[in-house]
file my_file.cif (mmCIF, C-alpha atoms)
data_input
loop_
_atom_site.label_atom_id
_atom_site.label_comp_id
_atom_site.auth_asym_id
_atom_site.auth_seq_id
_atom_site.Cartn_x
_atom_site.Cartn_y
_atom_site.Cartn_z
CA MET N 1 1.55 -13.94 -27.85
CA THR N 2 2.07 -10.25 -28.60
CA LEU N 3 4.55 -8.95 -31.15
CA LEU N 4 6.63 -5.92 -30.23
CA PRO N 5 6.80 -3.54 -33.18
CA PRO N 6 10.17 -3.91 -34.91
CA CYS N 7 12.93 -1.99 -33.13
CA SER N 8 10.83 -1.04 -30.11
CA TYR N 9 13.40 -1.54 -27.41
CA PRO N 10 14.18 1.70 -25.52
CA SER N 11 17.75 2.65 -26.25
CA ASP N 12 18.26 3.98 -22.71
CA SER N 13 18.39 0.34 -21.61
CA ALA N 14 21.76 0.25 -23.30
CA GLY N 15 22.88 3.66 -22.17
CA GLY N 16 21.23 5.65 -24.95
CA ASN N 17 18.82 8.54 -24.81
CA GLY N 18 16.07 7.26 -27.12
CA ALA N 19 17.28 9.14 -30.18
CA GLY N 20 20.59 7.39 -30.48
CA CYS N 21 23.30 5.57 -28.61
CA SER N 22 25.30 7.61 -26.13
CA CYS N 23 28.05 5.06 -25.65
CA ALA N 24 31.13 5.96 -27.68
CA PRO N 25 32.98 3.09 -29.39
CA ARG N 26 36.02 2.01 -27.45
CA ALA N 27 39.40 2.83 -28.89
CA LYS N 28 40.95 -0.11 -30.68
CA HIS N 29 44.47 -0.92 -31.73
CA GLU N 30 44.42 -0.55 -35.50
CA ASN N 31 46.66 -2.44 -37.87
CA PRO N 32 47.41 0.03 -40.70
CA LYS N 33 47.79 -2.87 -43.11
CA MET N 34 44.26 -4.05 -42.32
CA LYS N 35 42.19 -0.91 -42.79
CA LYS N 36 38.97 -2.01 -44.50
CA ARG N 37 35.52 -0.54 -44.03
CA ILE N 38 32.78 -3.07 -43.29
CA LEU N 39 29.08 -2.20 -43.12
CA ILE N 40 26.83 -4.57 -41.17
CA ALA N 41 23.30 -3.76 -42.31
CA CYS N 42 19.79 -5.05 -41.87
CA GLU N 43 18.37 -6.39 -45.13
CA ILE N 44 15.44 -4.02 -44.65
CA PHE N 45 17.76 -1.32 -46.03
CA ALA N 46 19.02 -3.33 -49.02
CA ARG N 47 17.34 -1.41 -51.86
CA GLU N 48 17.77 1.96 -50.14
CA ILE N 49 21.49 1.38 -49.52
CA GLU N 50 21.90 0.44 -53.16
CA ALA N 51 20.26 3.73 -54.14
CA GLY N 52 22.00 5.90 -51.53
CA LEU N 53 25.53 4.51 -51.38
CA PRO N 54 28.03 6.94 -52.92
CA GLN N 55 29.47 5.63 -56.17
CA ASP N 56 33.02 5.90 -54.84
CA ALA N 57 32.24 4.16 -51.54
CA ASP N 58 34.78 1.44 -50.77
CA VAL N 59 32.77 -0.71 -48.38
CA GLU N 60 31.94 -4.39 -47.97
CA ILE N 61 28.42 -5.18 -46.72
CA LEU N 62 27.44 -8.01 -44.38
CA TRP N 63 23.66 -8.49 -44.19
CA ILE N 64 21.46 -9.28 -41.19
CA GLU N 65 18.14 -10.99 -41.98
CA ALA N 66 15.26 -8.60 -41.24
CA ALA N 67 12.96 -11.33 -39.89
CA LEU N 68 15.35 -11.91 -36.97
CA HIS N 69 13.90 -8.78 -35.33
CA ALA N 70 11.06 -11.06 -34.24
CA ARG N 71 13.51 -13.18 -32.19
CA PRO N 72 15.94 -11.01 -30.17
CA GLU N 73 18.12 -13.97 -29.20
CA ARG N 74 18.55 -14.97 -32.85
CA LEU N 75 19.21 -11.36 -33.85
CA GLU N 76 21.93 -11.18 -31.19
CA GLU N 77 23.53 -14.39 -32.48
CA ALA N 78 23.51 -13.11 -36.06
CA LEU N 79 24.93 -9.74 -35.04
CA LYS N 80 27.74 -11.31 -32.99
CA ALA N 81 28.61 -13.57 -35.93
CA ALA N 82 28.63 -10.59 -38.32
CA LEU N 83 30.78 -8.49 -35.96
CA SER N 84 33.28 -11.32 -35.61
CA ALA N 85 33.36 -11.83 -39.38
CA ALA N 86 33.77 -8.09 -39.93
CA GLU N 87 36.65 -7.91 -37.45
CA ALA N 88 38.38 -10.76 -39.26
CA ILE N 89 38.44 -8.90 -42.59
CA GLY N 90 38.67 -5.25 -41.47
CA ASN N 91 38.82 -3.00 -38.47
CA ASP N 92 36.60 -0.11 -39.56
CA ILE N 93 33.14 -1.46 -38.73
CA ARG N 94 29.86 0.41 -39.22
CA VAL N 95 26.45 -0.95 -38.18
CA LEU N 96 23.19 0.01 -39.88
CA LEU N 97 20.69 -1.19 -37.29
CA GLY N 98 18.69 1.10 -35.01
CA THR N 99 19.61 1.52 -31.36
CA GLY N 100 16.17 0.13 -30.50
CA CYS N 101 16.51 -3.05 -32.56
CA HIS N 102 18.00 -4.98 -29.64
CA PRO N 103 18.33 -4.03 -25.94
CA ASP N 104 22.08 -4.80 -25.94
CA LEU N 105 22.93 -3.39 -29.36
CA CYS N 106 24.94 -0.47 -27.96
CA SER N 107 27.19 -2.65 -25.83
CA LEU N 108 27.60 -5.27 -28.56
CA THR N 109 28.76 -2.78 -31.17
CA ASP N 110 30.82 -0.85 -28.63
CA SER N 111 32.87 -3.94 -27.80
CA TYR N 112 34.02 -4.04 -31.43
CA GLY N 113 34.63 -0.30 -31.72
CA ALA N 114 31.86 -0.11 -34.35
CA ARG N 115 30.02 3.06 -35.36
CA LEU N 116 26.26 2.69 -34.95
CA LEU N 117 23.35 4.16 -36.89
CA PRO N 118 22.23 7.39 -35.12
CA ALA N 119 18.54 6.46 -35.14
CA LYS N 120 16.26 4.31 -33.00
CA ASN N 121 14.95 2.20 -35.88
CA CYS N 122 14.67 2.00 -39.65
CA ILE N 123 11.57 4.21 -39.79
CA GLU N 124 13.41 6.97 -37.93
CA ALA N 125 16.37 6.47 -40.28
CA PHE N 126 14.05 7.03 -43.23
CA CYS N 127 11.88 9.83 -41.82
CA GLY N 128 13.75 11.45 -38.93
CA LYS N 129 11.54 13.32 -36.45
CA LEU N 130 8.58 12.97 -38.82
CA SER N 131 8.29 9.29 -37.84
CA LYS N 132 6.45 10.07 -34.58
CA GLU N 133 3.90 12.17 -36.42
CA LEU N 134 3.33 9.45 -39.01
CA GLU N 135 2.79 6.84 -36.28
CA ALA N 136 0.01 8.85 -34.61
CA ASN N 137 -3.56 7.57 -34.39
CA ARG N 138 -2.64 3.90 -34.15
CA THR N 139 -0.79 3.85 -37.47
CA MET N 140 1.82 1.20 -38.22
CA ILE N 141 4.59 2.29 -40.58
CA MET N 142 6.02 -0.15 -43.10
CA THR N 143 8.27 -0.11 -46.14
CA PRO N 144 8.32 -2.53 -49.09
CA GLY N 145 11.20 -4.31 -47.38
CA TRP N 146 9.14 -4.97 -44.25
CA ILE N 147 6.13 -6.22 -46.19
CA ARG N 148 8.35 -8.61 -48.14
CA ALA N 149 9.92 -9.76 -44.85
CA TRP N 150 6.59 -10.80 -43.33
CA PRO N 151 6.70 -14.46 -44.45
CA GLY N 152 10.06 -14.76 -42.66
CA ILE N 153 8.70 -12.99 -39.56
CA MET N 154 5.73 -15.36 -39.46
CA LYS N 155 8.09 -18.33 -39.71
CA GLU N 156 10.29 -17.03 -36.88
CA MET N 157 7.26 -16.42 -34.64
CA GLY N 158 5.44 -19.62 -35.60
CA TRP N 159 2.42 -17.59 -36.64
CA ASN N 160 -0.42 -18.30 -39.03
CA GLU N 161 -2.80 -15.80 -40.62
CA ILE N 162 -5.00 -15.63 -37.50
CA ASP N 163 -2.01 -14.77 -35.28
CA VAL N 164 -1.04 -11.95 -37.65
CA ARG N 165 -4.55 -10.46 -37.63
CA ILE N 166 -4.80 -10.66 -33.84
CA ASN N 167 -1.47 -8.90 -33.32
CA LEU N 168 -1.97 -6.24 -36.00
CA GLY N 169 -5.61 -5.70 -35.08
CA ARG N 170 -4.61 -2.96 -32.64
CA TYR N 171 -3.72 -0.72 -35.59
CA ASP N 172 -6.31 1.35 -37.44
CA LYS N 173 -4.10 1.81 -40.48
CA ILE N 174 -0.85 0.65 -42.07
CA LEU N 175 1.09 3.37 -43.85
CA LEU N 176 3.37 2.06 -46.57
CA LEU N 177 6.29 4.41 -47.24
CA GLU N 178 7.21 3.80 -50.88
CA PRO N 179 10.59 5.12 -52.12
CA GLY N 180 9.86 3.92 -55.65
CA ILE N 181 13.11 1.98 -56.03
CA ASP N 182 11.60 -1.50 -56.28
CA PRO N 183 7.87 -0.85 -55.80
CA LEU N 184 5.53 -3.50 -54.50
CA THR N 185 3.42 -5.00 -57.22
CA GLU N 186 -0.35 -4.77 -57.06
CA ASP N 187 -0.46 -8.49 -56.27
CA GLU N 188 1.98 -8.03 -53.36
CA ILE N 189 -0.13 -5.22 -51.91
CA LEU N 190 -3.38 -7.18 -52.27
CA CYS N 191 -1.86 -10.32 -50.76
CA PHE N 192 -0.54 -8.37 -47.77
CA PHE N 193 -3.90 -6.68 -47.21
CA ASP N 194 -5.61 -10.06 -47.43
CA LEU N 195 -3.20 -11.33 -44.77
CA VAL N 196 -3.45 -8.48 -42.24
CA GLN N 197 -6.99 -7.15 -42.89
CA VAL N 198 -5.90 -3.62 -41.91
CA PRO N 199 -6.50 -0.64 -44.23
CA LEU N 200 -3.36 0.22 -46.17
CA ASP N 201 -2.36 3.69 -47.34
CA ILE N 202 0.64 4.43 -49.57
CA GLN N 203 2.80 7.55 -49.26
CA PRO N 204 5.91 8.41 -51.31
CA LEU N 205 9.17 8.31 -49.36
CA ASP N 206 11.90 10.85 -50.05
CA LEU N 207 15.26 9.21 -49.31
CA SER N 208 17.13 12.47 -48.68
CA HIS N 209 17.20 11.98 -44.90
CA PHE N 210 18.27 8.35 -45.21
CA LYS N 211 21.11 9.28 -47.56
CA GLU N 212 22.35 11.83 -45.02
CA ILE N 213 22.22 9.20 -42.25
CA LEU N 214 24.00 6.65 -44.44
CA ASN N 215 26.76 9.12 -45.29
CA GLU N 216 27.12 9.98 -41.60
CA VAL N 217 27.54 6.32 -40.68
CA LEU N 218 30.11 5.79 -43.42
CA ARG N 219 32.00 9.04 -42.87
#

call {"tool": "encode", "arguments": {"input": "my_file.cif", "output": "structure tokens"}}
result
Amino acid sequence: MTLLPPCSYPSDSAGGNGAGCSCAPRAKHENPKMKKRILIACEIFAREIEAGLPQDADVEILWIEAALHARPERLEEALKAALSAAEAIGNDIRVLLGTGCHPDLCSLTDSYGARLLPAKNCIEAFCGKLSKELEANRTMIMTPGWIRAWPGIMKEMGWNEIDVRINLGRYDKILLLEPGIDPLTEDEILCFFDLVQVPLDIQPLDLSHFKEILNEVLR
């Protein structure tokens, strides 16, 4: 069994162009008495949203479990449930998942008139165009959120340690992008390295680009 890297679906399968979704949300009838902004977000962004959300932002957040990226059918179920819940409490829906996180993400969000993150995946949301350069030379990019999500990913995939090492063995290096909000402990880093057996480098992550993307989604 081979694991697709998180958010690897080409967005043109849903009408996008690879950098973002080209389908515009459909116009909806809005009830002026029910104008509430809802953000549906992957838990991978939890700490970064907390750091980047404007202090005056009036938004309610519904979370999608990050490990569900390993099971597209379960991710779709969770997203549909979140969209339905969001529609029940407000009609201004924003979605912080990449256009490549699910092959039908564009059409799913479009059917609810939701505004979608203008990035293919979380790494592109954090790094912009720099993400392709960072992924060169068989490098896998991770954040503290992804490393902490690995036990859940393993559970979803039914993997043990050997399965993880087989599937990540194609990478020469894992680059951990560390924003410094809730840093991984030394024990967490050592335990993850012991699990994957792939050399791990750490690079500081400036959240300026992510904050711009977040503000754009919420605008």

call {"tool": "resolve_selection", "arguments": {"input": "my_file.cif", "expression": "the PyMOL selection byres ((chain N and resi 95-98) around 7)", "output": "list in words"}}
result
Cys7, Leu39, Ile40, Ala41, Cys42, Ile93, Arg94, Thr99, Gly100, Cys101, Ala114, Arg115, Leu116, Leu117, Ala119, Lys120, Asn121 and Cys122 of chain N

call {"tool": "residues_around", "arguments": {"input": "my_file.cif", "residues": "stretch 76-90 of chain N", "least_positions_apart": "3", "cutoff": "7 Å", "atoms": "only C-alpha atoms", "output": "list in words"}}
result
Met34, Lys35, Lys36, Arg37, Ile38, Ile40, Leu62, Ile64, Pro72, Glu73 and Ile93 of chain N

call {"tool": "resolve_selection", "arguments": {"input": "my_file.cif", "expression": "the PyMOL selection byres ((chain N and resi 214) around 8)", "output": "PyMOL selection string"}}
result
chain N and resi 49+52-53+117+210-213+215-218

call {"tool": "write_last_selection", "arguments": {"input": "my_file.cif", "atoms": "C-alpha atoms", "output": "short mmCIF file (atom, residue, chain, number, x, y, z; two decimals), in the frame of the given file"}}
result
data_model
loop_
_atom_site.label_atom_id
_atom_site.label_comp_id
_atom_site.auth_asym_id
_atom_site.auth_seq_id
_atom_site.Cartn_x
_atom_site.Cartn_y
_atom_site.Cartn_z
CA ILE N 49 21.49 1.38 -49.52
CA GLY N 52 22.00 5.90 -51.53
CA LEU N 53 25.53 4.51 -51.38
CA LEU N 117 23.35 4.16 -36.89
CA PHE N 210 18.27 8.35 -45.21
CA LYS N 211 21.11 9.28 -47.56
CA GLU N 212 22.35 11.83 -45.02
CA ILE N 213 22.22 9.20 -42.25
CA ASN N 215 26.76 9.12 -45.29
CA GLU N 216 27.12 9.98 -41.60
CA VAL N 217 27.54 6.32 -40.68
CA LEU N 218 30.11 5.79 -43.42
#

call {"tool": "resolve_selection", "arguments": {"input": "my_file.cif", "expression": "the PyMOL selection byres ((chain N and resi 179-192) around 7)", "output": "count of residues only"}}
result
12

call {"tool": "atom_distance", "arguments": {"input": "my_file.cif", "atom1": "atom CA of N:Ala136", "atom2": "atom CA of N:Ile166"}}
result
20.1 Å

call {"tool": "decode", "arguments": {"input": "my_file.cif", "residues": "stretch 123-144 of chain N", "atoms": "C-alpha atoms", "output": "mmCIF file, in the first residue's frame"}}
result
data_model
loop_
_atom_site.group_PDB
_atom_site.id
_atom_site.type_symbol
_atom_site.label_atom_id
_atom_site.label_comp_id
_atom_site.auth_asym_id
_atom_site.auth_seq_id
_atom_site.Cartn_x
_atom_site.Cartn_y
_atom_site.Cartn_z
ATOM 1 C CA ILE N 123 2.487 23.638 2.789
ATOM 2 C CA GLU N 124 1.666 26.015 -0.067
ATOM 3 C CA ALA N 125 -0.510 28.014 2.341
ATOM 4 C CA PHE N 126 2.477 28.371 4.664
ATOM 5 C CA CYS N 127 5.234 28.897 2.085
ATOM 6 C CA GLY N 128 3.626 30.033 -1.173
ATOM 7 C CA LYS N 129 5.728 29.424 -4.295
ATOM 8 C CA LEU N 130 8.711 28.525 -2.103
ATOM 9 C CA SER N 131 7.071 25.163 -1.326
ATOM 10 C CA LYS N 132 8.182 23.606 -4.645
ATOM 11 C CA GLU N 133 11.773 24.625 -4.014
ATOM 12 C CA LEU N 134 11.699 23.193 -0.495
ATOM 13 C CA GLU N 135 10.319 19.874 -1.773
ATOM 14 C CA ALA N 136 13.178 19.390 -4.252
ATOM 15 C CA ASN N 137 15.622 16.490 -3.975
ATOM 16 C CA ARG N 138 13.136 14.034 -2.514
ATOM 17 C CA THR N 139 12.359 16.176 0.529
ATOM 18 C CA MET N 140 9.124 15.733 2.465
ATOM 19 C CA ILE N 141 7.823 18.876 4.155
ATOM 20 C CA MET N 142 6.143 18.664 7.545
ATOM 21 C CA THR N 143 4.995 20.978 10.306
ATOM 22 C CA PRO N 144 4.615 20.232 14.026
#
